[in-house]
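Engineer: protein10.cif is reproduced in full below (mmCIF, C-alpha atoms and all ligand atoms).
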```cif
data_input
loop_
_atom_site.label_atom_id
_atom_site.label_comp_id
_atom_site.auth_asym_id
_atom_site.auth_seq_id
_atom_site.Cartn_x
_atom_site.Cartn_y
_atom_site.Cartn_z
CA MET G 1 -4.29 -32.28 13.29
CA LYS G 2 -3.68 -30.26 10.16
CA VAL G 3 -3.64 -26.58 11.00
CA LEU G 4 -3.70 -23.51 8.79
CA LEU G 5 -2.34 -20.36 10.45
CA LEU G 6 -2.96 -17.00 8.77
CA GLY G 7 -0.45 -14.16 9.03
CA SER G 8 3.18 -13.30 8.38
CA GLY G 9 4.62 -11.55 11.42
CA GLY G 10 6.58 -12.31 14.56
CA ARG G 11 3.28 -13.16 16.21
CA GLU G 12 2.68 -15.92 13.69
CA HIS G 13 6.24 -17.26 13.97
CA ALA G 14 5.79 -17.45 17.76
CA LEU G 15 2.38 -19.16 17.42
CA ALA G 16 3.82 -21.59 14.87
CA TRP G 17 6.81 -22.31 17.13
CA LYS G 18 4.49 -23.09 20.02
CA LEU G 19 2.06 -25.17 17.93
CA LYS G 20 4.94 -27.20 16.53
CA GLN G 21 5.67 -28.48 20.05
CA SER G 22 2.27 -30.15 20.23
CA PRO G 23 2.22 -33.92 19.72
CA LYS G 24 -1.24 -33.41 18.24
CA LEU G 25 0.06 -31.43 15.27
CA THR G 26 0.55 -33.46 12.11
CA GLU G 27 0.91 -30.64 9.60
CA LEU G 28 1.22 -26.87 9.85
CA LEU G 29 0.53 -24.53 6.95
CA ILE G 30 1.24 -20.83 7.32
CA ALA G 31 -0.22 -18.31 4.90
CA PRO G 32 1.69 -16.36 3.83
CA GLY G 33 4.27 -16.78 6.60
CA ASN G 34 7.90 -15.59 6.48
CA ALA G 35 11.43 -17.02 6.43
CA GLY G 36 11.05 -18.04 10.09
CA THR G 37 7.73 -19.85 9.75
CA ALA G 38 9.19 -21.78 6.79
CA ASP G 39 11.14 -23.78 9.39
CA MET G 40 7.96 -24.55 11.36
CA GLY G 41 5.81 -25.84 8.51
CA THR G 42 4.89 -25.03 4.93
CA ASN G 43 4.40 -21.44 3.81
CA ILE G 44 1.67 -20.82 1.27
CA ASP G 45 1.82 -17.55 -0.60
CA ILE G 46 -1.75 -16.21 -0.42
CA ASP G 47 -3.28 -13.06 1.02
CA PRO G 48 -5.20 -13.85 4.26
CA ASN G 49 -7.85 -11.32 3.19
CA ASP G 50 -8.54 -13.25 -0.01
CA PHE G 51 -11.12 -15.63 1.46
CA GLU G 52 -11.56 -17.63 -1.74
CA ALA G 53 -7.82 -18.35 -1.72
CA VAL G 54 -8.01 -19.33 1.96
CA LYS G 55 -10.90 -21.64 1.08
CA LYS G 56 -8.94 -23.33 -1.68
CA VAL G 57 -5.97 -24.01 0.61
CA SER G 58 -8.30 -25.24 3.37
CA VAL G 59 -10.20 -27.62 1.11
CA ASP G 60 -7.22 -28.85 -0.91
CA ASN G 61 -5.31 -29.67 2.28
CA GLN G 62 -8.31 -30.88 4.31
CA ILE G 63 -7.34 -28.77 7.28
CA ASP G 64 -8.78 -29.48 10.74
CA MET G 65 -8.46 -25.97 12.14
CA LEU G 66 -7.97 -22.38 11.02
CA ILE G 67 -6.08 -20.02 13.33
CA VAL G 68 -6.30 -16.35 12.41
CA GLY G 69 -3.28 -14.28 13.47
CA PRO G 70 -4.08 -10.69 12.36
CA GLU G 71 -7.26 -8.66 12.91
CA GLU G 72 -8.13 -7.73 9.35
CA PRO G 73 -9.52 -11.08 8.15
CA LEU G 74 -11.52 -11.26 11.39
CA VAL G 75 -13.01 -7.79 11.00
CA ARG G 76 -13.81 -8.65 7.37
CA GLY G 77 -15.69 -11.72 8.59
CA ILE G 78 -13.58 -14.77 7.77
CA LYS G 79 -15.32 -16.71 10.53
CA ASN G 80 -18.74 -15.95 8.99
CA PHE G 81 -17.37 -16.89 5.58
CA PHE G 82 -16.37 -20.31 6.94
CA LEU G 83 -19.70 -20.80 8.74
CA ASN G 84 -21.69 -19.96 5.63
CA ASP G 85 -19.80 -22.25 3.28
CA PRO G 86 -20.92 -25.92 3.32
CA GLN G 87 -17.38 -27.09 2.55
CA LEU G 88 -15.89 -25.07 5.42
CA ALA G 89 -18.64 -24.88 8.03
CA SER G 90 -17.35 -27.78 10.11
CA ILE G 91 -13.78 -26.44 10.33
CA PRO G 92 -13.16 -24.77 13.70
CA VAL G 93 -11.86 -21.20 13.47
CA ILE G 94 -9.82 -19.63 16.26
CA GLY G 95 -10.92 -15.99 16.10
CA PRO G 96 -14.28 -14.26 16.53
CA GLY G 97 -16.93 -13.61 13.92
CA ARG G 98 -17.61 -10.22 12.40
CA ARG G 99 -19.67 -8.95 15.34
CA GLY G 100 -17.18 -9.99 17.98
CA ALA G 101 -14.36 -8.52 15.91
CA GLN G 102 -16.06 -5.14 16.23
CA LEU G 103 -14.41 -4.96 19.67
CA GLU G 104 -11.32 -4.03 17.66
CA GLY G 105 -12.88 -2.95 14.37
CA SER G 106 -14.89 -0.09 15.86
CA LYS G 107 -13.73 2.06 18.76
CA GLU G 108 -17.30 3.29 19.25
CA PHE G 109 -18.63 -0.27 19.47
CA SER G 110 -16.03 -1.19 22.06
CA LYS G 111 -16.57 1.97 24.16
CA ASP G 112 -20.33 1.46 24.08
CA PHE G 113 -19.81 -2.19 25.11
CA MET G 114 -17.62 -1.17 28.04
CA PHE G 115 -20.05 1.48 29.25
CA ARG G 116 -23.02 -0.87 29.01
CA TYR G 117 -21.24 -3.49 31.11
CA GLY G 118 -19.63 -1.13 33.62
CA ILE G 119 -16.08 -1.93 32.51
CA PRO G 120 -13.73 0.87 33.63
CA THR G 121 -12.50 2.98 30.70
CA ALA G 122 -12.01 6.62 29.70
CA LYS G 123 -15.03 8.88 29.08
CA TYR G 124 -15.72 9.36 25.38
CA LYS G 125 -17.84 10.85 22.67
CA ALA G 126 -18.30 9.47 19.14
CA VAL G 127 -18.37 12.18 16.47
CA THR G 128 -19.08 12.35 12.73
CA LEU G 129 -19.34 15.41 10.48
CA ASP G 130 -23.07 15.42 11.37
CA ASN G 131 -22.46 16.21 15.04
CA LEU G 132 -19.12 18.00 14.76
CA GLU G 133 -20.41 20.85 16.98
CA GLU G 134 -21.03 18.39 19.82
CA GLY G 135 -17.52 17.04 19.34
CA LEU G 136 -16.03 20.53 19.54
CA SER G 137 -17.91 21.33 22.76
CA PHE G 138 -16.90 17.94 24.23
CA LEU G 139 -13.27 18.96 23.58
CA ASP G 140 -13.96 22.30 25.33
CA GLU G 141 -15.05 20.38 28.44
CA MET G 142 -11.91 18.19 28.45
CA LYS G 143 -8.47 18.92 29.80
CA ALA G 144 -5.29 18.56 27.73
CA PRO G 145 -3.92 16.34 26.32
CA TYR G 146 -6.71 15.42 23.91
CA VAL G 147 -7.13 11.90 22.58
CA LEU G 148 -8.66 11.42 19.09
CA LYS G 149 -9.16 7.93 17.69
CA ALA G 150 -10.26 6.86 14.24
CA ASP G 151 -13.25 4.58 14.78
CA GLY G 152 -12.13 1.92 12.28
CA LEU G 153 -8.96 -0.06 11.63
CA ALA G 154 -6.10 2.25 10.70
CA ALA G 155 -3.09 -0.08 10.84
CA GLY G 156 -2.17 1.12 14.33
CA LYS G 157 -1.89 4.74 13.20
CA GLY G 158 -5.36 6.04 14.01
CA VAL G 159 -4.75 7.52 17.46
CA LEU G 160 -3.65 11.14 17.96
CA ILE G 161 -2.70 12.59 21.33
CA ILE G 162 -2.60 16.37 21.11
CA ASP G 163 -1.57 19.05 23.60
CA SER G 164 -3.34 22.13 22.29
CA LEU G 165 -7.11 22.55 22.17
CA ASP G 166 -7.02 24.46 18.88
CA GLN G 167 -4.88 21.77 17.27
CA ALA G 168 -7.23 19.05 18.58
CA LYS G 169 -10.21 20.84 17.04
CA ALA G 170 -8.42 21.20 13.73
CA ASP G 171 -7.29 17.55 13.75
CA LEU G 172 -10.80 16.39 14.59
CA GLU G 173 -12.02 18.03 11.42
CA THR G 174 -9.25 16.69 9.20
CA MET G 175 -9.81 13.19 10.59
CA LEU G 176 -13.54 13.37 9.87
CA LYS G 177 -12.75 14.61 6.38
CA GLY G 178 -10.73 11.44 5.74
CA LYS G 179 -7.20 11.81 7.18
CA PHE G 180 -7.25 8.04 7.81
CA GLY G 181 -9.68 7.25 4.98
CA GLU G 182 -12.98 5.57 5.82
CA ALA G 183 -11.59 4.60 9.26
CA SER G 184 -11.76 8.17 10.54
CA LYS G 185 -15.13 9.24 9.09
CA LYS G 186 -16.15 8.63 12.67
CA VAL G 187 -13.85 9.68 15.52
CA VAL G 188 -13.95 8.76 19.18
CA ILE G 189 -12.78 11.57 21.46
CA GLU G 190 -11.51 10.25 24.78
CA GLU G 191 -10.50 11.57 28.13
CA PHE G 192 -6.72 11.17 28.57
CA LEU G 193 -5.73 8.53 31.12
CA ASP G 194 -2.39 9.00 32.83
CA GLY G 195 -0.76 5.82 34.09
CA ILE G 196 1.38 2.85 33.14
CA GLU G 197 0.27 0.40 30.44
CA CYS G 198 0.27 -3.36 30.21
CA SER G 199 -1.66 -5.97 28.25
CA VAL G 200 -3.62 -9.00 29.32
CA PHE G 201 -4.48 -11.86 26.96
CA VAL G 202 -7.48 -14.10 27.32
CA LEU G 203 -8.39 -17.20 25.30
CA THR G 204 -12.14 -17.75 25.51
CA ASP G 205 -14.67 -20.20 24.11
CA GLY G 206 -17.44 -17.67 24.71
CA SER G 207 -18.20 -18.66 28.29
CA ALA G 208 -15.08 -20.05 29.97
CA TYR G 209 -11.60 -18.62 29.51
CA VAL G 210 -7.95 -19.01 30.40
CA VAL G 211 -5.69 -16.04 31.06
CA LEU G 212 -2.33 -16.08 29.33
CA PRO G 213 0.76 -14.35 30.73
CA GLU G 214 0.49 -10.56 30.74
CA ALA G 215 3.03 -8.40 28.92
CA LYS G 216 4.23 -4.85 28.49
CA ASP G 217 5.28 -3.53 25.12
CA TYR G 218 7.38 -0.54 24.11
CA LYS G 219 5.70 1.34 21.28
CA ARG G 220 7.94 4.33 20.56
CA ILE G 221 10.86 4.15 18.16
CA GLY G 222 13.29 6.03 20.42
CA GLU G 223 14.94 5.21 23.71
CA GLY G 224 13.21 6.56 26.80
CA ASP G 225 9.86 6.12 24.99
CA THR G 226 10.44 9.03 22.61
CA GLY G 227 9.75 9.63 18.93
CA LEU G 228 7.18 8.11 16.61
CA ASN G 229 4.80 5.31 17.46
CA THR G 230 5.59 1.88 16.00
CA GLY G 231 3.93 -1.53 16.01
CA GLY G 232 6.09 -2.31 19.04
CA MET G 233 9.85 -2.26 19.67
CA GLY G 234 10.10 -4.82 22.45
CA ALA G 235 8.14 -6.55 25.18
CA ILE G 236 8.50 -8.11 28.61
CA SER G 237 6.54 -10.74 30.51
CA PRO G 238 5.75 -10.95 33.41
CA VAL G 239 5.03 -7.31 34.25
CA PRO G 240 6.20 -6.58 37.81
CA PHE G 241 3.47 -4.02 38.55
CA ALA G 242 0.72 -6.40 37.46
CA ASP G 243 0.81 -8.03 40.89
CA GLU G 244 -1.74 -10.40 42.40
CA ASP G 245 -3.95 -7.66 43.80
CA PHE G 246 -4.01 -5.81 40.46
CA MET G 247 -4.70 -8.98 38.47
CA LYS G 248 -7.60 -9.86 40.79
CA LYS G 249 -9.15 -6.51 39.92
CA VAL G 250 -8.52 -7.15 36.23
CA HIS G 251 -10.38 -10.47 36.52
CA ARG G 252 -13.32 -9.14 38.48
CA ARG G 253 -13.78 -5.73 36.88
CA ILE G 254 -12.69 -6.41 33.31
CA ILE G 255 -12.26 -10.01 32.11
CA GLN G 256 -15.40 -11.47 33.67
CA PRO G 257 -17.75 -8.66 32.62
CA THR G 258 -16.22 -8.71 29.12
CA VAL G 259 -16.95 -12.40 28.64
CA THR G 260 -20.43 -12.24 30.22
CA GLY G 261 -21.11 -9.07 28.21
CA LEU G 262 -20.41 -10.94 24.99
CA GLN G 263 -22.83 -13.65 26.13
CA SER G 264 -25.53 -11.12 27.04
CA ASP G 265 -25.11 -9.52 23.62
CA GLU G 266 -25.38 -13.00 22.08
CA ILE G 267 -22.01 -12.67 20.41
CA PRO G 268 -20.41 -16.10 20.10
CA TYR G 269 -16.68 -15.71 20.59
CA LYS G 270 -13.96 -18.32 20.23
CA GLY G 271 -10.55 -16.78 20.21
CA PHE G 272 -8.20 -14.34 21.83
CA ILE G 273 -9.14 -11.12 23.54
CA PHE G 274 -6.19 -8.78 24.00
CA ILE G 275 -7.02 -6.19 26.62
CA GLY G 276 -4.83 -3.08 26.58
CA LEU G 277 -4.85 -1.74 30.14
CA ILE G 278 -3.64 1.30 31.95
CA LYS G 279 -2.95 1.21 35.68
CA ILE G 280 -3.89 4.39 37.51
CA GLY G 281 -3.08 4.27 41.20
CA ASN G 282 -3.87 0.61 41.79
CA ASP G 283 -6.81 0.39 39.42
CA PRO G 284 -7.04 -1.03 35.89
CA TYR G 285 -8.78 0.81 33.04
CA VAL G 286 -9.25 -0.49 29.51
CA ILE G 287 -7.52 1.50 26.77
CA GLU G 288 -8.61 -0.85 23.99
CA TYR G 289 -9.61 -4.35 23.02
CA ASN G 290 -7.98 -6.29 20.22
CA VAL G 291 -9.40 -9.55 18.91
CA ARG G 292 -6.04 -11.23 18.31
CA MET G 293 -2.72 -11.62 20.05
CA GLY G 294 -0.30 -8.70 20.24
CA ASP G 295 2.92 -8.37 18.29
CA PRO G 296 5.61 -8.40 19.79
CA GLU G 297 3.76 -9.51 22.96
CA THR G 298 3.18 -13.01 21.52
CA GLU G 299 6.96 -13.40 21.26
CA VAL G 300 7.22 -13.16 25.07
CA VAL G 301 3.89 -14.81 25.95
CA MET G 302 4.28 -18.07 23.99
CA PRO G 303 7.64 -19.08 25.52
CA ARG G 304 6.05 -18.79 28.99
CA ILE G 305 3.15 -21.14 28.24
CA LYS G 306 3.94 -24.70 29.30
CA SER G 307 0.57 -26.17 28.32
CA ASP G 308 -0.13 -27.58 24.86
CA LEU G 309 -1.52 -24.64 22.88
CA LEU G 310 -3.20 -26.86 20.31
CA GLU G 311 -5.04 -28.68 23.10
CA LEU G 312 -6.24 -25.32 24.38
CA PHE G 313 -7.43 -24.40 20.87
CA GLU G 314 -9.23 -27.74 20.55
CA ALA G 315 -10.99 -27.09 23.85
CA THR G 316 -11.85 -23.58 22.67
CA ALA G 317 -13.41 -24.96 19.51
CA ALA G 318 -15.33 -27.62 21.47
CA LYS G 319 -16.49 -25.03 24.03
CA ASN G 320 -14.76 -27.05 26.67
CA LEU G 321 -12.30 -24.55 28.18
CA LYS G 322 -14.00 -24.85 31.57
CA ASN G 323 -12.16 -28.16 31.97
CA CYS G 324 -8.77 -26.64 31.11
CA THR G 325 -6.08 -24.94 33.09
CA ILE G 326 -3.06 -23.21 31.69
CA GLU G 327 0.40 -23.81 33.09
CA ILE G 328 2.74 -20.84 33.01
CA ASP G 329 6.53 -20.73 33.40
CA ASP G 330 7.47 -18.19 36.05
CA GLN G 331 10.69 -17.17 34.30
CA THR G 332 10.94 -13.80 32.56
CA VAL G 333 10.91 -13.53 28.78
CA THR G 334 11.98 -10.39 26.94
CA THR G 335 11.99 -9.56 23.27
CA VAL G 336 13.90 -6.85 21.42
CA MET G 337 12.58 -5.84 18.01
CA MET G 338 15.21 -5.35 15.34
CA VAL G 339 13.90 -3.00 12.67
CA SER G 340 14.86 -1.59 9.27
CA GLY G 341 16.69 1.75 9.11
CA GLY G 342 14.11 4.53 8.72
CA TYR G 343 11.19 2.61 10.28
CA PRO G 344 8.45 3.62 11.13
CA GLU G 345 8.85 6.06 8.23
CA ALA G 346 10.14 5.02 4.79
CA TYR G 347 12.61 2.12 4.79
CA GLU G 348 14.12 -0.28 2.28
CA LYS G 349 13.44 -3.99 2.01
CA GLY G 350 15.46 -6.86 0.56
CA LYS G 351 18.61 -6.44 2.69
CA GLU G 352 20.49 -9.70 3.04
CA MET G 353 20.66 -11.00 6.61
CA THR G 354 23.51 -12.95 8.21
CA GLY G 355 24.48 -14.38 11.59
CA PHE G 356 21.48 -16.59 12.37
CA ASP G 357 23.84 -19.54 12.92
CA GLN G 358 25.38 -17.66 15.84
CA VAL G 359 22.11 -17.16 17.70
CA SER G 360 22.20 -19.25 20.85
CA ASP G 361 20.20 -19.54 24.06
CA GLY G 362 17.32 -17.54 22.66
CA ILE G 363 14.89 -17.45 19.77
CA ALA G 364 14.95 -15.21 16.70
CA PHE G 365 11.27 -14.84 15.85
CA HIS G 366 11.02 -13.56 12.29
CA ALA G 367 8.72 -10.58 11.85
CA GLY G 368 9.47 -9.12 8.43
CA THR G 369 11.73 -11.50 6.51
CA LYS G 370 11.47 -13.69 3.46
CA LEU G 371 13.51 -16.26 1.62
CA GLN G 372 14.96 -15.06 -1.66
CA ASP G 373 17.24 -17.30 -3.75
CA GLY G 374 17.96 -19.37 -0.65
CA LYS G 375 18.91 -16.35 1.43
CA VAL G 376 17.00 -14.60 4.24
CA VAL G 377 16.31 -10.96 3.39
CA THR G 378 14.46 -8.18 5.20
CA ASN G 379 10.86 -7.77 4.12
CA GLY G 380 9.30 -5.25 6.49
CA GLY G 381 9.85 -2.46 9.01
CA ARG G 382 9.99 -4.80 11.94
CA VAL G 383 12.41 -7.59 11.03
CA ILE G 384 13.30 -9.89 13.95
CA ALA G 385 11.99 -10.16 17.52
CA MET G 386 14.90 -11.49 19.55
CA SER G 387 13.45 -13.32 22.54
CA GLY G 388 15.41 -14.41 25.61
CA MET G 389 14.40 -16.19 28.80
CA GLY G 390 15.94 -15.91 32.24
CA ALA G 391 15.38 -15.99 35.98
CA ASN G 392 14.78 -12.25 35.87
CA MET G 393 14.48 -9.36 33.42
CA LYS G 394 18.20 -8.62 33.43
CA GLU G 395 19.16 -12.18 32.51
CA ALA G 396 16.53 -12.42 29.82
CA LEU G 397 17.49 -9.06 28.30
CA ALA G 398 21.18 -10.01 28.27
CA LYS G 399 20.28 -12.94 25.98
CA SER G 400 18.03 -10.85 23.74
CA TYR G 401 20.77 -8.24 23.31
CA LYS G 402 23.60 -10.75 22.81
CA ASN G 403 21.64 -12.30 19.94
CA ALA G 404 20.57 -8.93 18.51
CA GLU G 405 24.28 -8.17 18.09
CA VAL G 406 25.08 -11.26 16.03
CA VAL G 407 22.32 -10.97 13.42
CA ASN G 408 23.26 -8.33 10.87
CA TYR G 409 21.79 -6.46 7.92
CA GLU G 410 22.23 -3.00 6.46
CA GLY G 411 20.39 -0.36 8.48
CA LYS G 412 19.85 -2.50 11.58
CA TYR G 413 18.35 -0.62 14.55
CA TYR G 414 16.92 -1.65 17.90
CA ARG G 415 16.22 0.05 21.21
CA LYS G 416 18.82 -0.68 23.87
CA ASP G 417 16.60 0.29 26.81
CA ILE G 418 13.73 -2.21 26.78
CA GLY G 419 12.48 -2.54 30.37
CA PHE G 420 14.10 0.74 31.45
CA ASP G 421 10.97 1.83 33.35
CA LEU G 422 10.39 -1.38 35.32
P1 LIG B 501 -4.94 2.35 20.91
O1 LIG B 501 -4.78 2.19 19.42
O2 LIG B 501 -6.33 2.58 21.35
O3 LIG B 501 -4.22 1.26 21.67
O4 LIG B 501 -4.08 3.62 21.30
C1 LIG B 501 -2.70 3.67 21.04
C2 LIG B 501 -1.97 4.21 22.23
O5 LIG B 501 -2.45 5.52 22.54
C3 LIG B 501 -2.20 3.40 23.52
O6 LIG B 501 -1.36 2.30 23.63
C4 LIG B 501 -1.93 4.44 24.56
O7 LIG B 501 -0.54 4.59 24.77
C5 LIG B 501 -2.45 5.70 23.94
N1 LIG B 501 -3.83 5.96 24.39
C6 LIG B 501 -4.96 5.53 23.81
N2 LIG B 501 -6.05 5.95 24.48
C7 LIG B 501 -5.60 6.69 25.52
C8 LIG B 501 -6.23 7.40 26.58
N3 LIG B 501 -7.55 7.46 26.70
N4 LIG B 501 -5.45 8.01 27.47
C9 LIG B 501 -4.10 7.96 27.36
N5 LIG B 501 -3.44 7.33 26.39
C10 LIG B 501 -4.17 6.69 25.46
N1 LIG B 502 1.89 -4.46 20.13
C1 LIG B 502 0.60 -3.94 20.02
C2 LIG B 502 -0.32 -4.66 19.12
O1 LIG B 502 -0.08 -5.77 18.71
O2 LIG B 502 -1.36 -4.09 18.83
#
```
Using structure tokens, write down the structure from this file.
Ligand code: AMP
Ligand code: GLY
Structural biologist:
Amino acid sequence: MKVLLLGSGGREHALAWKLKQSPKLTELLIAPGNAGTADMGTNIDIDPNDFEAVKKVSVDNQIDMLIVGPEEPLVRGIKNFFLNDPQLASIPVIGPGRRGAQLEGSKEFSKDFMFRYGIPTAKYKAVTLDNLEEGLSFLDEMKAPYVLKADGLAAGKGVLIIDSLDQAKADLETMLKGKFGEASKKVVIEEFLDGIECSVFVLTDGSAYVVLPEAKDYKRIGEGDTGLNTGGMGAISPVPFADEDFMKKVHRRIIQPTVTGLQSDEIPYKGFIFIGLIKIGNDPYVIEYNVRMGDPETEVVMPRIKSDLLELFEATAAKNLKNCTIEIDDQTVTTVMMVSGGYPEAYEKGKEMTGFDQVSDGIAFHAGTKLQDGKVVTNGGRVIAMSGMGANMKEALAKSYKNAEVVNYEGKYYRKDIGFDL
């Protein structure tokens, strides 16, 4: 099979690495990819949100499948674009259509979905400038801290958690007046849930599904979970507190009603559902849905999957997942994200990287790198996800950290405490 994979992060390098192990793969194109994916297939320098460019690559190369890594092309309707184009309509797309992608593209849509199907989640109210007064009184009824979320996609920055009521009221107004552009013209106010987070990943064909290994990520820049939020500074799978009893509840209360809810709403869905969970006592609540895999979670999930991922995608496309099982390695995988100095605030790109030849017994998944004049240089805030595997978390982390030491570039930073809370 000829596969086109859209995206350029560590998630895409990990997906490409896993796909490359499939005997069914004949050719892998990654658009735009990075210096790491260049070793897995052919990078093609186009913007995944430029659907005409994606069409040209798909037609010129006669691809057999499109796999969409990031959320933005999905929310913009790349699946619908393929379905509506006679030259593309027969190409299977892994990723939901525009309506399904609203699970991530609109916080209000996803909260309404959860409430309609009895899926446990925080209480909420959706507010625009037209019902600001209702929003302010909803805040009055809540206890601190206050959670404000931009309704639309805001590149992971649209959530504010605020201690003071007056500040929350002021921030609500500035959000509605465009603090996060169009994305925050509507804001979802949520009850604060206090617990420990983990993420569960489902691959569904719209009726059947397989559950991938769960993972926990570390979102803050500083050790001890302090400082600014990032895209993710590390991840671990499996998650010790996501034990059998907890996962049974996740199946019964969350995954099953999510998939049957999509069917009841007549939303065809072939792709990943990433369910961000919070465990309170022994019970799971949904913090958010994403319609793609997580990054850096993919960099710990993929190495644990023993099954052929391309076969699972084929079954997804053929609506045949009910006949599939997924085999999981019970070892632990950790990843440590190496970032650019200054991230998640301003940082420089283009720093030359060295030491890859000394990486051993682990995988350097490239997140923000590119090839320049034959050299690997930094090309983003998050640069390399160093993944290690072992019999337990300690062994896996030792490998991640050993390899994080040998790869060098100016301004290198990573957290040294991934897994500290487990
Ligand atoms: P989201 O973009 O919805 O994943 O939110 C980003 C982060 O904010 C989550 O990973 C949580 O750590 C936190 N968060 C979001 N919603 C809530 C909530 N209702 N209660 C507590 N923390 C939350
Ligand atoms: N690591 C969180 C995300 O991918 O959204």
Engineer: Which protein, DNA or RNA residues have an atom within 12 Å of ligand LIG 502 (chain B), counting all atoms listed in the file, as a ChimeraX atom specification?
Structural biologist: /G:9-12,69-71,104,153-158,197-201,215-220,229-236,273-277,287-300,335,337,382,385
Engineer: Write out as a count of residues only which residues come within 10 Å of Glu311 in chain G when counting only C-alpha atoms, dropping same-chain ones fewer than 2 positions away.
Structural biologist: 15
Engineer: As a ChimeraX atom specification, please: the residues near Glu223 in chain G (cut-off 9 Å, all atoms listed in the file, same-chain neighbours under 6 positions excluded).
Structural biologist: /G:415-418,420
Engineer: When distances are computed from only C-alpha atoms, which of G:Glu395, G:Glu405, G:Asp45, G:Glu27 shows the smallest separation from Gly355 in chain G?
Structural biologist: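 Closest to Gly355 in chain G of all the choices is G:Glu405.
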Engineer: Given a cut-off of 6 Å, what residues near ligand LIG 501 (chain B) show up using all atoms listed in the file, put as a PyMOL selection string?
Structural biologist: chain G and resi 122+156+159+190-194+287-288
Engineer: From the options G:Gly368, G:Gly411, G:Asp421, G:Thr258, which residue's atoms come nearest to Pro32 in chain G, counting all atoms listed in the file?
Structural biologist: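 Between G:Gly368, G:Gly411, G:Asp421, G:Thr258, the residue approaching Pro32 in chain G most closely is G:Gly368.
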Engineer: Dig up all the protein and nucleic acid residues within 10 Å of (12.3, -19.2, 10.5) in the file frame, using only C-alpha atoms, and format them as a PDB file with C-alpha atoms, in the frame of the given file.
Structural biologist:
```
ATOM      1  CA  GLY G  10       6.580 -12.310  14.560  1.00  0.00           C
ATOM      2  CA  HIS G  13       6.240 -17.260  13.970  1.00  0.00           C
ATOM      3  CA  ALA G  14       5.790 -17.450  17.760  1.00  0.00           C
ATOM      4  CA  ALA G  16       3.820 -21.590  14.870  1.00  0.00           C
ATOM      5  CA  TRP G  17       6.810 -22.310  17.130  1.00  0.00           C
ATOM      6  CA  GLY G  33       4.270 -16.780   6.600  1.00  0.00           C
ATOM      7  CA  ASN G  34       7.900 -15.590   6.480  1.00  0.00           C
ATOM      8  CA  ALA G  35      11.430 -17.020   6.430  1.00  0.00           C
ATOM      9  CA  GLY G  36      11.050 -18.040  10.090  1.00  0.00           C
ATOM     10  CA  THR G  37       7.730 -19.850   9.750  1.00  0.00           C
ATOM     11  CA  ALA G  38       9.190 -21.780   6.790  1.00  0.00           C
ATOM     12  CA  ASP G  39      11.140 -23.780   9.390  1.00  0.00           C
ATOM     13  CA  MET G  40       7.960 -24.550  11.360  1.00  0.00           C
ATOM     14  CA  GLY G  41       5.810 -25.840   8.510  1.00  0.00           C
ATOM     15  CA  PHE G 356      21.480 -16.590  12.370  1.00  0.00           C
ATOM     16  CA  ILE G 363      14.890 -17.450  19.770  1.00  0.00           C
ATOM     17  CA  ALA G 364      14.950 -15.210  16.700  1.00  0.00           C
ATOM     18  CA  PHE G 365      11.270 -14.840  15.850  1.00  0.00           C
ATOM     19  CA  HIS G 366      11.020 -13.560  12.290  1.00  0.00           C
ATOM     20  CA  ALA G 367       8.720 -10.580  11.850  1.00  0.00           C
ATOM     21  CA  THR G 369      11.730 -11.500   6.510  1.00  0.00           C
ATOM     22  CA  LYS G 370      11.470 -13.690   3.460  1.00  0.00           C
ATOM     23  CA  LEU G 371      13.510 -16.260   1.620  1.00  0.00           C
ATOM     24  CA  VAL G 376      17.000 -14.600   4.240  1.00  0.00           C
ATOM     25  CA  ILE G 384      13.300  -9.890  13.950  1.00  0.00           C
TER      26      ILE G 384
END
```
Engineer: Go through G:Tyr401, G:Phe109, G:Tyr269, G:Tyr409 one by one, measure the shortest atom-to-atom distance of each to Met386 in chain G using only C-alpha atoms, and give the residue with the smallest value.
Structural biologist: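 Smallest separation from Met386 in chain G among the options: G:Tyr401.
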Engineer: How would you write as a ChimeraX atom specification the residues that get within 9 Å of (-12.5, -16.8, 32.7) in the file's frame, counting all atoms listed in the file?
Structural biologist: /G:202-204,207-211,251,255-256,259,321-322
